[in-house]
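Trainee: The structure file target.cif (mmCIF, C-alpha atoms and all ligand atoms; chains and numbers go by the auth columns) is provided below.
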```cif
data_query
loop_
_atom_site.group_PDB
_atom_site.id
_atom_site.type_symbol
_atom_site.label_atom_id
_atom_site.label_comp_id
_atom_site.label_asym_id
_atom_site.label_seq_id
_atom_site.Cartn_x
_atom_site.Cartn_y
_atom_site.Cartn_z
_atom_site.B_iso_or_equiv
_atom_site.auth_seq_id
_atom_site.auth_asym_id
ATOM 1 C CA MET A 1 6.545 -1.859 27.172 0.00 6 A
ATOM 2 C CA ALA A 2 3.102 -3.242 26.505 0.00 7 A
ATOM 3 C CA ILE A 3 1.257 -2.293 23.344 0.00 8 A
ATOM 4 C CA ASP A 4 -0.618 0.956 23.976 0.00 9 A
ATOM 5 C CA GLY A 5 -3.627 0.559 21.701 0.00 10 A
ATOM 6 C CA SER A 6 -4.953 4.056 22.350 0.00 11 A
ATOM 7 C CA LYS A 7 -1.648 5.573 21.178 0.00 12 A
ATOM 8 C CA ILE A 8 -1.967 3.670 17.888 0.00 13 A
ATOM 9 C CA VAL A 9 -5.626 4.633 17.481 0.00 14 A
ATOM 10 C CA HIS A 10 -4.787 8.298 18.037 0.00 15 A
ATOM 11 C CA ALA A 11 -1.954 8.144 15.486 0.00 16 A
ATOM 12 C CA VAL A 12 -4.291 6.668 12.863 0.00 17 A
ATOM 13 C CA MET A 13 -7.037 9.184 13.634 0.00 18 A
ATOM 14 C CA GLU A 14 -4.572 12.058 13.383 0.00 19 A
ATOM 15 C CA GLY A 15 -2.995 10.746 10.169 0.00 20 A
ATOM 16 C CA SER A 16 -6.319 10.043 8.503 0.00 21 A
ATOM 17 C CA ARG A 17 -7.029 13.754 8.302 0.00 22 A
ATOM 18 C CA ILE A 18 -4.712 13.885 5.299 0.00 23 A
ATOM 19 C CA ARG A 19 -6.619 13.056 2.116 0.00 24 A
ATOM 20 C CA GLU A 20 -5.582 13.055 -1.496 0.00 25 A
ATOM 21 C CA SER A 21 -7.812 14.812 -4.036 0.00 26 A
ATOM 22 C CA LYS A 22 -9.832 11.637 -4.612 0.00 27 A
ATOM 23 C CA GLY A 23 -10.334 11.043 -0.897 0.00 28 A
ATOM 24 C CA ILE A 24 -7.623 8.386 -0.616 0.00 29 A
ATOM 25 C CA ILE A 25 -5.875 8.324 2.760 0.00 30 A
ATOM 26 C CA PRO A 26 -2.155 7.459 2.492 0.00 31 A
ATOM 27 C CA LEU A 27 -1.299 6.115 5.931 0.00 32 A
ATOM 28 C CA PHE A 28 0.854 3.411 7.545 0.00 33 A
ATOM 29 C CA GLY A 29 2.327 2.514 4.137 0.00 34 A
ATOM 30 C CA VAL A 30 -1.002 1.691 2.518 0.00 35 A
ATOM 31 C CA TYR A 31 -3.832 3.489 0.744 0.00 36 A
ATOM 32 C CA LEU A 32 -7.077 3.659 2.666 0.00 37 A
ATOM 33 C CA SER A 33 -10.516 4.946 1.843 0.00 38 A
ATOM 34 C CA ILE A 34 -13.677 5.499 3.802 0.00 39 A
ATOM 35 C CA ILE A 35 -16.443 3.175 2.695 0.00 40 A
ATOM 36 C CA SER A 36 -20.020 2.872 3.862 0.00 41 A
ATOM 37 C CA VAL A 37 -20.500 -0.126 6.147 0.00 42 A
ATOM 38 C CA SER A 38 -23.957 -0.835 4.755 0.00 43 A
ATOM 39 C CA TYR A 39 -22.573 -0.806 1.205 0.00 44 A
ATOM 40 C CA TYR A 40 -19.807 -3.276 2.053 0.00 45 A
ATOM 41 C CA ASN A 41 -22.229 -5.511 3.918 0.00 46 A
ATOM 42 C CA ARG A 42 -24.617 -5.409 0.994 0.00 47 A
ATOM 43 C CA LEU A 43 -21.888 -6.540 -1.401 0.00 48 A
ATOM 44 C CA SER A 44 -20.964 -9.459 0.859 0.00 49 A
ATOM 45 C CA PHE A 45 -24.392 -10.679 1.806 0.00 50 A
ATOM 46 C CA ASP A 46 -25.886 -10.144 -1.651 0.00 51 A
ATOM 47 C CA LEU A 47 -23.078 -12.206 -3.174 0.00 52 A
ATOM 48 C CA GLU A 48 -23.883 -14.999 -0.765 0.00 53 A
ATOM 49 C CA LYS A 49 -27.583 -14.685 -1.468 0.00 54 A
ATOM 50 C CA LEU A 50 -27.182 -14.575 -5.251 0.00 55 A
ATOM 51 C CA MET A 51 -24.966 -17.646 -5.284 0.00 56 A
ATOM 52 C CA GLY A 52 -27.819 -19.477 -3.572 0.00 57 A
ATOM 53 C CA PRO A 53 -28.031 -22.063 -0.792 0.00 58 A
ATOM 54 C CA GLN A 54 -26.288 -24.737 -2.876 0.00 59 A
ATOM 55 C CA ARG A 55 -23.184 -22.604 -3.244 0.00 60 A
ATOM 56 C CA SER A 56 -23.321 -20.882 0.137 0.00 61 A
ATOM 57 C CA ALA A 57 -20.125 -22.532 1.404 0.00 62 A
ATOM 58 C CA GLU A 58 -18.317 -21.467 -1.764 0.00 63 A
ATOM 59 C CA ALA A 59 -19.550 -17.879 -1.389 0.00 64 A
ATOM 60 C CA GLN A 60 -18.411 -17.769 2.220 0.00 65 A
ATOM 61 C CA GLN A 61 -14.993 -19.130 1.318 0.00 66 A
ATOM 62 C CA LEU A 62 -14.600 -16.539 -1.440 0.00 67 A
ATOM 63 C CA LEU A 63 -15.430 -13.719 0.963 0.00 68 A
ATOM 64 C CA VAL A 64 -13.174 -15.032 3.730 0.00 69 A
ATOM 65 C CA HIS A 65 -10.262 -15.571 1.337 0.00 70 A
ATOM 66 C CA ALA A 66 -10.708 -12.103 -0.173 0.00 71 A
ATOM 67 C CA ALA A 67 -10.524 -10.617 3.317 0.00 72 A
ATOM 68 C CA GLN A 68 -7.542 -12.778 4.233 0.00 73 A
ATOM 69 C CA GLU A 69 -5.579 -11.814 1.118 0.00 74 A
ATOM 70 C CA CYS A 70 -6.460 -8.162 1.660 0.00 75 A
ATOM 71 C CA GLY A 71 -5.502 -8.336 5.344 0.00 76 A
ATOM 72 C CA TYR A 72 -2.261 -10.121 4.504 0.00 77 A
ATOM 73 C CA ALA A 73 -1.149 -7.506 1.959 0.00 78 A
ATOM 74 C CA THR A 74 -2.459 -4.539 3.935 0.00 79 A
ATOM 75 C CA PHE A 75 -0.792 -5.453 7.225 0.00 80 A
ATOM 76 C CA GLN A 76 2.441 -6.365 5.447 0.00 81 A
ATOM 77 C CA GLY A 77 2.435 -2.778 4.159 0.00 82 A
ATOM 78 C CA ILE A 78 1.525 -1.450 7.584 0.00 83 A
ATOM 79 C CA ARG A 79 4.292 -3.233 9.473 0.00 84 A
ATOM 80 C CA ASN A 80 6.864 -2.003 6.965 0.00 85 A
ATOM 81 C CA SER A 81 5.756 1.634 7.181 0.00 86 A
ATOM 82 C CA TRP A 82 7.618 4.471 8.834 0.00 87 A
ATOM 83 C CA GLU A 83 4.604 5.097 11.069 0.00 88 A
ATOM 84 C CA TRP A 84 4.816 1.521 12.376 0.00 89 A
ATOM 85 C CA ALA A 85 8.581 1.908 12.939 0.00 90 A
ATOM 86 C CA GLU A 86 8.058 5.157 14.797 0.00 91 A
ATOM 87 C CA ILE A 87 4.890 4.480 16.799 0.00 92 A
ATOM 88 C CA VAL A 88 4.333 0.735 17.162 0.00 93 A
ATOM 89 C CA ALA A 89 7.742 -0.954 16.876 0.00 94 A
ATOM 90 C CA PRO A 90 9.146 0.644 20.074 0.00 95 A
ATOM 91 C CA MET A 91 6.281 -0.966 22.040 0.00 96 A
ATOM 92 C CA ILE A 92 6.887 -4.459 20.650 0.00 97 A
ATOM 93 C CA GLU A 93 8.707 -6.829 22.985 0.00 98 A
ATOM 94 C CA THR A 94 7.658 -10.220 21.652 0.00 99 A
ATOM 95 C CA THR A 95 6.683 -11.573 18.246 0.00 100 A
ATOM 96 C CA GLU A 96 3.133 -11.921 19.477 0.00 101 A
ATOM 97 C CA ASP A 97 3.007 -8.216 20.375 0.00 102 A
ATOM 98 C CA GLN A 98 2.881 -7.604 16.630 0.00 103 A
ATOM 99 C CA ILE A 99 -0.629 -9.045 16.578 0.00 104 A
ATOM 100 C CA LYS A 100 -1.682 -6.673 19.340 0.00 105 A
ATOM 101 C CA GLY A 101 -0.278 -3.867 17.190 0.00 106 A
ATOM 102 C CA PHE A 102 -2.258 -5.178 14.215 0.00 107 A
ATOM 103 C CA THR A 103 -5.487 -5.339 16.208 0.00 108 A
ATOM 104 C CA ALA A 104 -5.008 -1.788 17.503 0.00 109 A
ATOM 105 C CA VAL A 105 -4.630 -0.567 13.907 0.00 110 A
ATOM 106 C CA ALA A 106 -7.730 -2.560 12.908 0.00 111 A
ATOM 107 C CA VAL A 107 -9.686 -0.930 15.763 0.00 112 A
ATOM 108 C CA ALA A 108 -8.583 2.467 14.473 0.00 113 A
ATOM 109 C CA PHE A 109 -9.724 1.511 10.969 0.00 114 A
ATOM 110 C CA GLY A 110 -13.242 0.960 12.343 0.00 115 A
ATOM 111 C CA TRP A 111 -13.301 -2.807 11.886 0.00 116 A
ATOM 112 C CA GLY A 112 -14.551 -3.424 15.453 0.00 117 A
ATOM 113 C CA ASP A 113 -13.244 -3.590 19.007 0.00 118 A
ATOM 114 C CA LEU A 114 -10.851 -6.455 18.332 0.00 119 A
ATOM 115 C CA GLU A 115 -9.458 -8.012 21.497 0.00 120 A
ATOM 116 C CA VAL A 116 -6.752 -10.669 21.513 0.00 121 A
ATOM 117 C CA VAL A 117 -8.035 -13.356 23.860 0.00 122 A
ATOM 118 C CA ASP A 118 -5.320 -15.974 23.369 0.00 123 A
ATOM 119 C CA ILE A 119 -2.195 -16.567 21.307 0.00 124 A
ATOM 120 C CA ILE A 120 -0.309 -19.839 21.167 0.00 125 A
ATOM 121 C CA PRO A 121 2.761 -19.035 19.053 0.00 126 A
ATOM 122 C CA ARG A 122 2.751 -20.795 15.671 0.00 127 A
ATOM 123 C CA GLU A 123 -0.491 -22.575 16.498 0.00 128 A
ATOM 124 C CA ARG A 124 -3.537 -20.609 17.502 0.00 129 A
ATOM 125 C CA LEU A 125 -4.960 -17.109 17.723 0.00 130 A
ATOM 126 C CA VAL A 126 -8.275 -16.180 19.341 0.00 131 A
ATOM 127 C CA ILE A 127 -9.770 -12.754 18.679 0.00 132 A
ATOM 128 C CA ARG A 128 -13.037 -11.528 20.176 0.00 133 A
ATOM 129 C CA VAL A 129 -15.141 -8.665 18.841 0.00 134 A
ATOM 130 C CA THR A 130 -18.304 -7.331 20.454 0.00 135 A
ATOM 131 C CA ASP A 131 -19.291 -4.720 17.860 0.00 136 A
ATOM 132 C CA SER A 132 -18.692 -6.329 14.471 0.00 137 A
ATOM 133 C CA TYR A 133 -20.328 -4.224 11.778 0.00 138 A
ATOM 134 C CA GLU A 134 -20.914 -7.371 9.743 0.00 139 A
ATOM 135 C CA ALA A 135 -22.878 -9.035 12.566 0.00 140 A
ATOM 136 C CA ARG A 136 -24.812 -5.867 13.318 0.00 141 A
ATOM 137 C CA GLY A 137 -25.526 -5.225 9.637 0.00 142 A
ATOM 138 C CA TYR A 138 -26.617 -8.793 8.941 0.00 143 A
ATOM 139 C CA HIS A 139 -28.912 -8.961 11.954 0.00 144 A
ATOM 140 C CA ALA A 140 -30.523 -5.618 11.152 0.00 145 A
ATOM 141 C CA GLU A 141 -31.171 -6.575 7.534 0.00 146 A
ATOM 142 C CA TYR A 142 -31.953 -10.292 7.669 0.00 147 A
ATOM 143 C CA GLY A 143 -32.650 -11.220 11.312 0.00 148 A
ATOM 144 C CA THR A 144 -30.942 -13.968 13.274 0.00 149 A
ATOM 145 C CA ALA A 145 -28.297 -15.800 11.244 0.00 150 A
ATOM 146 C CA PRO A 146 -27.928 -19.584 11.124 0.00 151 A
ATOM 147 C CA ALA A 147 -24.127 -19.301 11.281 0.00 152 A
ATOM 148 C CA GLY A 148 -21.344 -16.730 11.709 0.00 153 A
ATOM 149 C CA LYS A 149 -21.498 -13.853 9.226 0.00 154 A
ATOM 150 C CA CYS A 150 -18.308 -11.922 9.873 0.00 155 A
ATOM 151 C CA TYR A 151 -16.298 -12.989 6.861 0.00 156 A
ATOM 152 C CA MET A 152 -13.997 -9.974 6.872 0.00 157 A
ATOM 153 C CA LEU A 153 -12.889 -10.370 10.492 0.00 158 A
ATOM 154 C CA ARG A 154 -12.555 -14.118 10.005 0.00 159 A
ATOM 155 C CA GLY A 155 -10.182 -13.640 7.078 0.00 160 A
ATOM 156 C CA VAL A 156 -8.226 -10.970 8.889 0.00 161 A
ATOM 157 C CA THR A 157 -7.692 -13.230 11.927 0.00 162 A
ATOM 158 C CA GLY A 158 -6.141 -15.835 9.618 0.00 163 A
ATOM 159 C CA ALA A 159 -4.045 -13.150 7.913 0.00 164 A
ATOM 160 C CA PHE A 160 -2.498 -12.035 11.210 0.00 165 A
ATOM 161 C CA MET A 161 -1.213 -15.569 11.819 0.00 166 A
ATOM 162 C CA ASP A 162 -0.075 -15.885 8.189 0.00 167 A
ATOM 163 C CA LEU A 163 2.043 -12.767 8.617 0.00 168 A
ATOM 164 C CA LEU A 164 3.706 -14.000 11.799 0.00 169 A
ATOM 165 C CA TYR A 165 4.113 -17.698 11.167 0.00 170 A
ATOM 166 C CA GLY A 166 3.289 -18.394 7.522 0.00 171 A
ATOM 167 C CA GLY A 167 6.803 -18.004 6.182 0.00 172 A
ATOM 168 C CA ASP A 168 8.228 -15.387 3.864 0.00 173 A
ATOM 169 C CA TYR A 169 5.890 -12.850 2.302 0.00 174 A
ATOM 170 C CA PRO A 170 4.108 -13.279 -0.104 0.00 175 A
ATOM 171 C CA ASP A 171 4.063 -17.086 0.109 0.00 176 A
ATOM 172 C CA GLY A 172 2.452 -17.405 3.536 0.00 177 A
ATOM 173 C CA CYS A 173 -1.078 -16.321 2.764 0.00 178 A
ATOM 174 C CA LEU A 174 -3.734 -18.891 3.726 0.00 179 A
ATOM 175 C CA SER A 175 -1.241 -20.941 5.784 0.00 180 A
ATOM 176 C CA PHE A 176 -3.739 -20.418 8.585 0.00 181 A
ATOM 177 C CA SER A 177 -7.486 -20.383 8.471 0.00 182 A
ATOM 178 C CA ALA A 178 -9.992 -19.074 10.967 0.00 183 A
ATOM 179 C CA GLU A 179 -13.413 -20.208 12.073 0.00 184 A
ATOM 180 C CA GLU A 180 -16.014 -17.991 13.682 0.00 185 A
ATOM 181 C CA THR A 181 -17.141 -19.971 16.706 0.00 186 A
ATOM 182 C CA HIS A 182 -19.491 -17.332 18.101 0.00 187 A
ATOM 183 C CA CYS A 183 -21.288 -14.538 16.259 0.00 188 A
ATOM 184 C CA ARG A 184 -23.627 -11.808 17.388 0.00 189 A
ATOM 185 C CA ALA A 185 -25.560 -12.257 14.152 0.00 190 A
ATOM 186 C CA LYS A 186 -26.697 -15.664 15.417 0.00 191 A
ATOM 187 C CA GLY A 187 -27.460 -14.423 18.918 0.00 192 A
ATOM 188 C CA ASP A 188 -24.150 -14.905 20.719 0.00 193 A
ATOM 189 C CA PRO A 189 -22.964 -12.111 23.050 0.00 194 A
ATOM 190 C CA TYR A 190 -19.847 -11.548 20.917 0.00 195 A
ATOM 191 C CA CYS A 191 -18.095 -12.771 17.786 0.00 196 A
ATOM 192 C CA GLU A 192 -15.053 -14.965 18.280 0.00 197 A
ATOM 193 C CA PHE A 193 -12.521 -16.056 15.696 0.00 198 A
ATOM 194 C CA ILE A 194 -10.044 -18.896 16.099 0.00 199 A
ATOM 195 C CA ALA A 195 -7.198 -19.250 13.611 0.00 200 A
ATOM 196 C CA THR A 196 -5.234 -22.475 13.365 0.00 201 A
ATOM 197 C CA LYS A 197 -3.002 -23.988 10.703 0.00 202 A
ATOM 198 C CA SER A 198 -4.819 -24.738 7.483 0.00 203 A
ATOM 199 C CA PRO A 199 -5.361 -28.476 7.075 0.00 204 A
ATOM 200 C CA ASP A 200 -3.281 -28.688 3.884 0.00 205 A
ATOM 201 C CA HIS A 201 -0.563 -26.421 5.227 0.00 206 A
ATOM 202 C CA THR A 202 3.052 -27.594 5.091 0.00 207 A
ATOM 203 C CA GLU A 203 5.551 -26.170 7.545 0.00 208 A
ATOM 204 C CA PRO A 204 7.463 -23.229 6.010 0.00 209 A
ATOM 205 C CA SER A 205 11.232 -23.465 5.854 0.00 210 A
ATOM 206 C CA ALA A 206 11.639 -20.061 7.490 0.00 211 A
ATOM 207 C CA ALA A 207 9.619 -18.181 10.080 0.00 212 A
ATOM 208 C CA GLY A 208 7.927 -14.934 9.193 0.00 213 A
ATOM 209 C CA PRO A 209 9.393 -11.504 9.897 0.00 214 A
ATOM 210 C CA GLY A 210 9.432 -10.443 13.503 0.00 215 A
ATOM 211 C CA ARG A 211 10.882 -13.674 14.746 0.00 216 A
HETATM 212 ZN ZN ZN B . -19.804 -12.314 13.869 0.00 301 B
#
```
Would you give me this structure, written as structure tokens?
Mentor:
Amino acid sequence: MAIDGSKIVHAVMEGSRIRESKGIIPLFGVYLSIISVSYYNRLSFDLEKLMGPQRSAEAQQLLVHAAQECGYATFQGIRNSWEWAEIVAPMIETTEDQIKGFTAVAVAFGWGDLEVVDIIPRERLVIRVTDSYEARGYHAEYGTAPAGKCYMLRGVTGAFMDLLYGGDYPDGCLSFSAEETHCRAKGDPYCEFIATKSPDHTEPSAAGPGR
């Protein structure tokens, strides 16, 4: 059975109606909250701006790594949840189907219309997004960007590969790293993220769960 993304999106939408008293949404084994896109974008882009042009690469790496660590922990929780076991796991036929399950959950979370363009097991993942809120938010606020601005989606693309091929949790984070080769913030028709093994990565002794 192929991964039915709409079934996963509907399950998340249905489940997200349940809120704790502080507005926290306990769903898919993790705690979620609704956050304003413009607020999150402001935090990211202001950090980059405040660190200045000399430290721009450092700011970008901080933001990408924060997203990757968050994505790694969040999707580890998600794939170990009862909702995943009940709704997603029956649709999974191959290890790589897990990533399609991850992207469907990310779509439901409002992170964009993530589409898996290519997966080479253990080596490469290509994800395309046409409605990244980071790209849209950057362009609206600052105009055309000189480089990709979707740090969250970039980190998350790396995290998906970390979870599949980075070895045992929690030691696999940052085994892979992603570049954003196209970005709507700089005028491209879509944002595209390519994750490959991190340059300083050593081969793990065991494959990740889902093998
Ligand atoms: Zn982008």
Trainee: Could I get the residue neighbourhood of ligand ZN 301 (chain B) at 8 Å, counting only C-alpha atoms and all ligand atoms, as a count of residues only?
Mentor: 18
Trainee: Convert the output of the PyMOL selection byres (((chain A and resi 145) around 12) and not hetatm) on the shown file into explicit residues, formatted as a PyMOL selection string.
Mentor: chain A and resi 43+46-47+138-144+146-150+189-191
Trainee: Would you write out, as CSV, a table of all residues in stretch 162-192 of chain A that have an atom no more than 12 Å from an atom of stretch 84-88 of chain A, listing for each the closest atom pair and the distance in Å to one decimal, considering all atoms listed in the file and ordering rows by chain and rising residue number?
Mentor:
```
residue,atom,partner,partner_atom,distance
A:Phe165,CA,A:Arg84,CA,11.3
A:Leu168,CA,A:Arg84,CA,9.8
A:Leu169,CA,A:Arg84,CA,11.0
A:Tyr174,CA,A:Asn85,CA,11.8
```
Trainee: Selected residues, C-alpha atoms, written as a compact mmCIF listing (two decimals), in the frame of the given file, please.
Mentor:
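The resulting file, out_19.txt, is reproduced below:
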```txt
# COMPACT_ATOMS: atom_id res chain seq x y z
CA PHE A 165 -2.50 -12.04 11.21
CA LEU A 168 2.04 -12.77 8.62
CA LEU A 169 3.71 -14.00 11.80
CA TYR A 174 5.89 -12.85 2.30
```
Trainee: Separation of atom CA of A:Gly106 and atom CA of A:Gln73, in Å?
Mentor: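 Atom-to-atom, atom CA of A:Gly106 to atom CA of A:Gln73, that is 17.3 Å.
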Trainee: Could you check the closest approach to A:Leu68 for each of A:Ser182, A:Met157, A:Asp173, A:Arg129 and tell me which residue wins, using only C-alpha atoms?
Mentor: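 Of A:Ser182, A:Met157, A:Asp173, A:Arg129, the one nearest A:Leu68, counting only C-alpha atoms, is A:Met157.
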Trainee: Determine, counting only C-alpha atoms, which protein, DNA and RNA residues have an atom within 12 Å of an atom of A:Ala94; residues of the same chain fewer than 2 positions away are not included. Present the result as a PyMOL selection string.
Mentor: chain A and resi 6-9+13+83-92+96-100+102-107+215
Trainee: How far is it from atom CA of A:Glu128 to atom CA of A:Gly76, in Å with one decimal?
Mentor: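 Rounded to one decimal, the two atoms are 18.8 Å apart.
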Trainee: For atom CA of A:Thr162 and atom CA of A:Ser41, determine how far apart the two atoms are, in Å to one decimal place.
Mentor: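 Interatomic distance here is 21.8 Å.
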Trainee: Just want the 9 Å neighbourhood of A:Ile125, counted on only C-alpha atoms, with same-chain residues fewer than 5 positions away dropped. Output as a list in words.
Mentor: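 Once the adjacent positions are removed, what remains is Glu101, Leu130 and Val131 of chain A.
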Trainee: For a quick check of your reading of the model, name the residues lying within 10 Å of the coordinate (-4.6, 8.2, -4.0), counting only C-alpha atoms, and write them as number ranges by chain.
Mentor: A: 24-31, 35-38
Trainee: Exactly which residues make up the result of the PyMOL selection byres (((chain A and resi 110) around 10) and not hetatm) on this file, given as a list in words?
Mentor: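 This file, filtered by the PyMOL selection byres (((chain A and resi 110) around 10) and not hetatm), leaves Gly10, Ser11, Lys12, Ile13, Val14, His15, Ala16, Val17, Phe33, Phe80, Ile83, Trp89, Val93, Ile104, Lys105, Gly106, Phe107, Thr108, Ala109, Ala111, Val112, Ala113, Phe114, Gly115, Trp116 and Leu119 of chain A.
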Trainee: Please dump the current selection as a PDB file, in the frame of the given file; keep C-alpha atoms.
Mentor:
```
ATOM      1  CA  GLY A  10      -3.627   0.559  21.701  1.00  0.00           C
ATOM      2  CA  SER A  11      -4.953   4.056  22.350  1.00  0.00           C
ATOM      3  CA  LYS A  12      -1.648   5.573  21.178  1.00  0.00           C
ATOM      4  CA  ILE A  13      -1.967   3.670  17.888  1.00  0.00           C
ATOM      5  CA  VAL A  14      -5.626   4.633  17.481  1.00  0.00           C
ATOM      6  CA  HIS A  15      -4.787   8.298  18.037  1.00  0.00           C
ATOM      7  CA  ALA A  16      -1.954   8.144  15.486  1.00  0.00           C
ATOM      8  CA  VAL A  17      -4.291   6.668  12.863  1.00  0.00           C
ATOM      9  CA  PHE A  33       0.854   3.411   7.545  1.00  0.00           C
ATOM     10  CA  PHE A  80      -0.792  -5.453   7.225  1.00  0.00           C
ATOM     11  CA  ILE A  83       1.525  -1.450   7.584  1.00  0.00           C
ATOM     12  CA  TRP A  89       4.816   1.521  12.376  1.00  0.00           C
ATOM     13  CA  VAL A  93       4.333   0.735  17.162  1.00  0.00           C
ATOM     14  CA  ILE A 104      -0.629  -9.045  16.578  1.00  0.00           C
ATOM     15  CA  LYS A 105      -1.682  -6.673  19.340  1.00  0.00           C
ATOM     16  CA  GLY A 106      -0.278  -3.867  17.190  1.00  0.00           C
ATOM     17  CA  PHE A 107      -2.258  -5.178  14.215  1.00  0.00           C
ATOM     18  CA  THR A 108      -5.487  -5.339  16.208  1.00  0.00           C
ATOM     19  CA  ALA A 109      -5.008  -1.788  17.503  1.00  0.00           C
ATOM     20  CA  ALA A 111      -7.730  -2.560  12.908  1.00  0.00           C
ATOM     21  CA  VAL A 112      -9.686  -0.930  15.763  1.00  0.00           C
ATOM     22  CA  ALA A 113      -8.583   2.467  14.473  1.00  0.00           C
ATOM     23  CA  PHE A 114      -9.724   1.511  10.969  1.00  0.00           C
ATOM     24  CA  GLY A 115     -13.242   0.960  12.343  1.00  0.00           C
ATOM     25  CA  TRP A 116     -13.301  -2.807  11.886  1.00  0.00           C
ATOM     26  CA  LEU A 119     -10.851  -6.455  18.332  1.00  0.00           C
TER      27      LEU A 119
END
```
Trainee: My list of candidates is A:Ala152, A:Arg127, A:Ile39, A:Ile132. Which is closest to A:Lys202 when distances are computed with only C-alpha atoms?
Mentor: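 Between A:Ala152, A:Arg127, A:Ile39, A:Ile132, the residue approaching A:Lys202 most closely is A:Arg127.
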Trainee: Given the choices A:Asp193, A:Asp123, A:Glu184, A:Asp167, which gets closest to A:Gln81 if the distance is worked out from all atoms listed in the file?
Mentor: A:Asp167
Trainee: Produce the centre coordinates and the three edge lengths, each in Å to one decimal, of the box along x, y and z that contains all listed atoms of stretch 27-32 of chain A with 8 Å added on each side, as JSON.
Mentor:
```
{"center_x": -5.8, "center_y": 8.9, "center_z": 0.7, "size_x": 25.0, "size_y": 21.5, "size_z": 26.5}
```
Trainee: Rank A:Gly20, A:Gly117, A:Gly177, A:Pro194 by their smallest atom-to-atom distance to A:Gly163, using all atoms listed in the file, and report the top residue only.
Mentor: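 Looking at the shortest contact to A:Gly163, the residue is A:Gly177.
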Trainee: Name the residues that the PyMOL selection byres (((chain A and resi 66) around 12) and not hetatm) pulls out of this structure, and write them as a ChimeraX atom specification.
Mentor: /A:49,52-53,60-65,67-74,154-157,159-160,179,182-184
Trainee: Could you please take those selected residues and save C-alpha atoms as an mmCIF file, in the frame of the given file?
Mentor:
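part_2.cif written:
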```cif
data_model
loop_
_atom_site.group_PDB
_atom_site.id
_atom_site.type_symbol
_atom_site.label_atom_id
_atom_site.label_comp_id
_atom_site.auth_asym_id
_atom_site.auth_seq_id
_atom_site.Cartn_x
_atom_site.Cartn_y
_atom_site.Cartn_z
ATOM 1 C CA SER A 49 -20.964 -9.459 0.859
ATOM 2 C CA LEU A 52 -23.078 -12.206 -3.174
ATOM 3 C CA GLU A 53 -23.883 -14.999 -0.765
ATOM 4 C CA ARG A 60 -23.184 -22.604 -3.244
ATOM 5 C CA SER A 61 -23.321 -20.882 0.137
ATOM 6 C CA ALA A 62 -20.125 -22.532 1.404
ATOM 7 C CA GLU A 63 -18.317 -21.467 -1.764
ATOM 8 C CA ALA A 64 -19.550 -17.879 -1.389
ATOM 9 C CA GLN A 65 -18.411 -17.769 2.220
ATOM 10 C CA LEU A 67 -14.600 -16.539 -1.440
ATOM 11 C CA LEU A 68 -15.430 -13.719 0.963
ATOM 12 C CA VAL A 69 -13.174 -15.032 3.730
ATOM 13 C CA HIS A 70 -10.262 -15.571 1.337
ATOM 14 C CA ALA A 71 -10.708 -12.103 -0.173
ATOM 15 C CA ALA A 72 -10.524 -10.617 3.317
ATOM 16 C CA GLN A 73 -7.542 -12.778 4.233
ATOM 17 C CA GLU A 74 -5.579 -11.814 1.118
ATOM 18 C CA LYS A 154 -21.498 -13.853 9.226
ATOM 19 C CA CYS A 155 -18.308 -11.922 9.873
ATOM 20 C CA TYR A 156 -16.298 -12.989 6.861
ATOM 21 C CA MET A 157 -13.997 -9.974 6.872
ATOM 22 C CA ARG A 159 -12.555 -14.118 10.005
ATOM 23 C CA GLY A 160 -10.182 -13.640 7.078
ATOM 24 C CA LEU A 179 -3.734 -18.891 3.726
ATOM 25 C CA SER A 182 -7.486 -20.383 8.471
ATOM 26 C CA ALA A 183 -9.992 -19.074 10.967
ATOM 27 C CA GLU A 184 -13.413 -20.208 12.073
#
```
Trainee: Env of A:Pro204: 9 Å cut, atoms = all atoms listed in the file, seq-sep filter 3 positions within chain, self excluded. Answer as a list in words.
Mentor: Ser180, Phe181, Ser182, Thr201 and Thr207 of chain A
